[in-house]
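Asks: Please read through the structure below; I'll follow up with questions.
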Amino acid sequence: EAAVTQSPRSKVAVTGGKVTLSCHQTNNHDYMYWYRQDTGHGLRLIHYSYVADSTEKGDIPDGYKASRPSQENFSLILELASLSQTAVYFCASSEWTGGSANTGQLYFGEGSKLTVL
Amino acid sequence: SQLAEENSWALSVHEGESVTVNCSYKTSITALQWYRQKSGKGPAQLILIRSNEREKRNGRLRATLDTSSQSSSLSITATRCEDTAVYFCATGNYKYVFGAGTRLKVIA
């Protein structure tokens with residue numbers, strides 16, 4: 001069974017503070033993702049990475065940075081947390097099945113609930 | 001931009017009944033995936049259906065794909081209380097886009 005673990009699982013931060021959410025996968029997958037989920041809404045892609053030391057912007061990257069120091073680890077960084085960043089954050093990993101017909105399944109972590117006050 | 005979206009916000013059925021969740025998407029795809037998210041958990045894949053497939057089954061689950069109308073459906077037969085969850089469709093080659101999800105409640 002694929003394993004993606006996130007830490008912390010829950011965090012309360014103050015406005016303007018720095019927050020780092022960490023993700024670790026043991027799947028040996030190339031791709032890793034950070035998604036944001038707001039109450040009652042779907043998942044929106046913030047950043048993703050397909051190789052260590054490289055990250056790419058997703059659909060809503062503003063206010064977020066990402067870091068992929070190794071294949072196994074992928075962090076999401078909020079340098080100046082804001083109220084609007086209160087949400088549940090999900091990390092996921094995916095295998096690259098190759099070519100233009102990639103069909104890699106996403107394996108998600110349990111989520112990190114962030115509350116910014 | 002929302003490239004994939006489910007067509008119903010919420011559904012409720014009684015245990016044992018069948019239910020169908022529909023999804024529409026806006027771009028050409030190589031595959032479409034259905035995910036289920038239970039309360040407090042991360043989404044988990046249910047079915048992947050490729051663009052050259054019309055139907056895919058996984059136990060009580062059946063997914064269909066109509067590339068001409070850019071739509072897909074996920075049917076669940078003999079529903080159980082544990083099927084209560086949010087169901088998402090997702091498209092994309094490596095940059096996956098999720099719909100807003102359909103909240104399914106199965107009533108005992």
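By order of appearance in the structure tokens: chains A, B, ..., then residues from 1 within every chain, and ligands from 1 in the order shown.
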Set out as CSV a contact list for chain A and chain B with a cut-off of 12 Å, giving each residue of chain A that qualifies its closest atom pair and distance in Å to one decimal, counting only C-alpha atoms, ordered by chain and rising residue number.
Replies:
```
residue,atom,partner,partner_atom,distance
A:Glu1,CA,B:Ala44,CA,11.8
A:Ala2,CA,B:Ala44,CA,11.0
A:Ala3,CA,B:Gly42,CA,11.7
A:Val4,CA,B:Gly42,CA,10.1
A:Thr5,CA,B:Gly42,CA,10.8
A:Gln6,CA,B:Gly42,CA,10.8
A:Arg9,CA,B:Gly40,CA,10.8
A:Ser10,CA,B:Gly40,CA,11.7
A:Asp30,CA,B:Tyr94,CA,10.7
A:Tyr31,CA,B:Tyr94,CA,8.0
A:Met32,CA,B:Tyr94,CA,9.9
A:Tyr33,CA,B:Lys95,CA,8.7
A:Trp34,CA,B:Lys95,CA,10.9
A:Tyr35,CA,B:Phe98,CA,10.0
A:Arg36,CA,B:Phe98,CA,11.1
A:Gln37,CA,B:Ala100,CA,9.6
A:Asp38,CA,B:Ala100,CA,10.1
A:Thr39,CA,B:Ala100,CA,10.6
A:Gly40,CA,B:Ala100,CA,8.0
A:His41,CA,B:Ala100,CA,5.2
A:Gly42,CA,B:Ala100,CA,3.8
A:Leu43,CA,B:Phe98,CA,5.8
A:Arg44,CA,B:Phe98,CA,7.1
A:Leu45,CA,B:Val97,CA,7.4
A:Ile46,CA,B:Lys95,CA,10.5
A:His47,CA,B:Lys95,CA,9.6
A:Tyr48,CA,B:Lys95,CA,7.9
A:Ser49,CA,B:Lys95,CA,9.8
A:Tyr50,CA,B:Tyr94,CA,9.1
A:Glu56,CA,B:Lys95,CA,10.0
A:Lys57,CA,B:Lys95,CA,10.0
A:Gly58,CA,B:Lys95,CA,7.7
A:Asp59,CA,B:Ser1,CA,8.1
A:Ile60,CA,B:Ser1,CA,10.4
A:Val88,CA,B:Gly40,CA,9.8
A:Tyr89,CA,B:Gly42,CA,9.6
A:Phe90,CA,B:Gly42,CA,7.0
A:Cys91,CA,B:Gly42,CA,8.8
A:Ala92,CA,B:Gly42,CA,9.0
A:Ser93,CA,B:Tyr94,CA,10.6
A:Ser94,CA,B:Tyr94,CA,8.4
A:Glu95,CA,B:Tyr94,CA,9.3
A:Trp96,CA,B:Tyr94,CA,7.8
A:Thr97,CA,B:Tyr94,CA,9.7
A:Gly98,CA,B:Asn93,CA,9.8
A:Gly99,CA,B:Asn93,CA,9.2
A:Ser100,CA,B:Asn93,CA,7.0
A:Ala101,CA,B:Thr30,CA,5.5
A:Asn102,CA,B:Asn93,CA,5.4
A:Thr103,CA,B:Ala31,CA,6.5
A:Gly104,CA,B:Tyr94,CA,7.6
A:Gln105,CA,B:Gln45,CA,7.0
A:Leu106,CA,B:Gln45,CA,7.2
A:Tyr107,CA,B:Ala44,CA,6.8
A:Phe108,CA,B:Gly42,CA,5.4
A:Gly109,CA,B:Gly42,CA,5.7
A:Glu110,CA,B:Gly42,CA,4.8
A:Gly111,CA,B:Gly42,CA,6.2
A:Ser112,CA,B:Gly42,CA,9.9
A:Lys113,CA,B:Gly40,CA,9.8
```
Asks: Give me, as a list in words, the residues of region 5-111 of chain A that a backbone DSSP run labels helix (DSSP H, G or I).
Replies: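 Helix (DSSP H, G or I) assignments inside region 5-111 of chain A correspond to Leu83, Ser84, Gln85, Gly99, Ser100 and Ala101 of chain A.
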Asks: Between CA of Asp83 (chain B) and CA of Ile107 (chain B), what distance in Å does the model show, to one decimal?
Replies: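 Separation between CA of Asp83 (chain B) and CA of Ile107 (chain B): 9.9 Å.
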Asks: In region 1-100 of chain B, what's strand (DSSP E) per DSSP? Answer as a count of residues only?
Replies: 54
Asks: Quote the spacing between CA of Leu61 (chain B) and CA of Ser24 (chain B) in Å to one decimal place.
Replies: 18.2 Å
Asks: I'd like to know which of A:Ser54, A:Thr115, A:Thr86, A:Thr15 is closest to Gln71 (chain A), using only C-alpha atoms.
Replies: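 Among the listed residues, A:Ser54 lies closest to Gln71 (chain A).
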Asks: Can you work out which one of B:Ser18, B:Gln70, B:Thr27, B:Asn58 has the shortest atom-to-atom distance to Val106 (chain B), counting only C-alpha atoms?
Replies: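 Using only C-alpha atoms, the shortest distance to Val106 (chain B) belongs to B:Ser18.
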Asks: What's around region 20-23 of chain B at 6 Å? Count only C-alpha atoms, leave out sequence neighbours fewer than 3 positions away in its own chain, and write the answer as a list in words.
Replies: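 Skipping anything fewer than 3 positions along the chain leaves Glu5, Glu6, Asn7, Ser71, Ser72, Ser73, Leu74 and Ser75 of chain B.
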Asks: Could you work out how far CA of Ala4 (chain B) lies from CA of Leu21 (chain A), giving the answer in Å with one decimal?
Replies: 27.1 Å
Asks: Report as a list in words all protein, DNA and RNA residues lying within 8 Å of Val19 (chain B), evaluated on only C-alpha atoms, omitting residues in the same chain fewer than 6 positions from it.
Replies: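 With the cut-off at 8 Å, the set is Val13, Ser75, Ile76, Thr77 and Thr79 of chain B.
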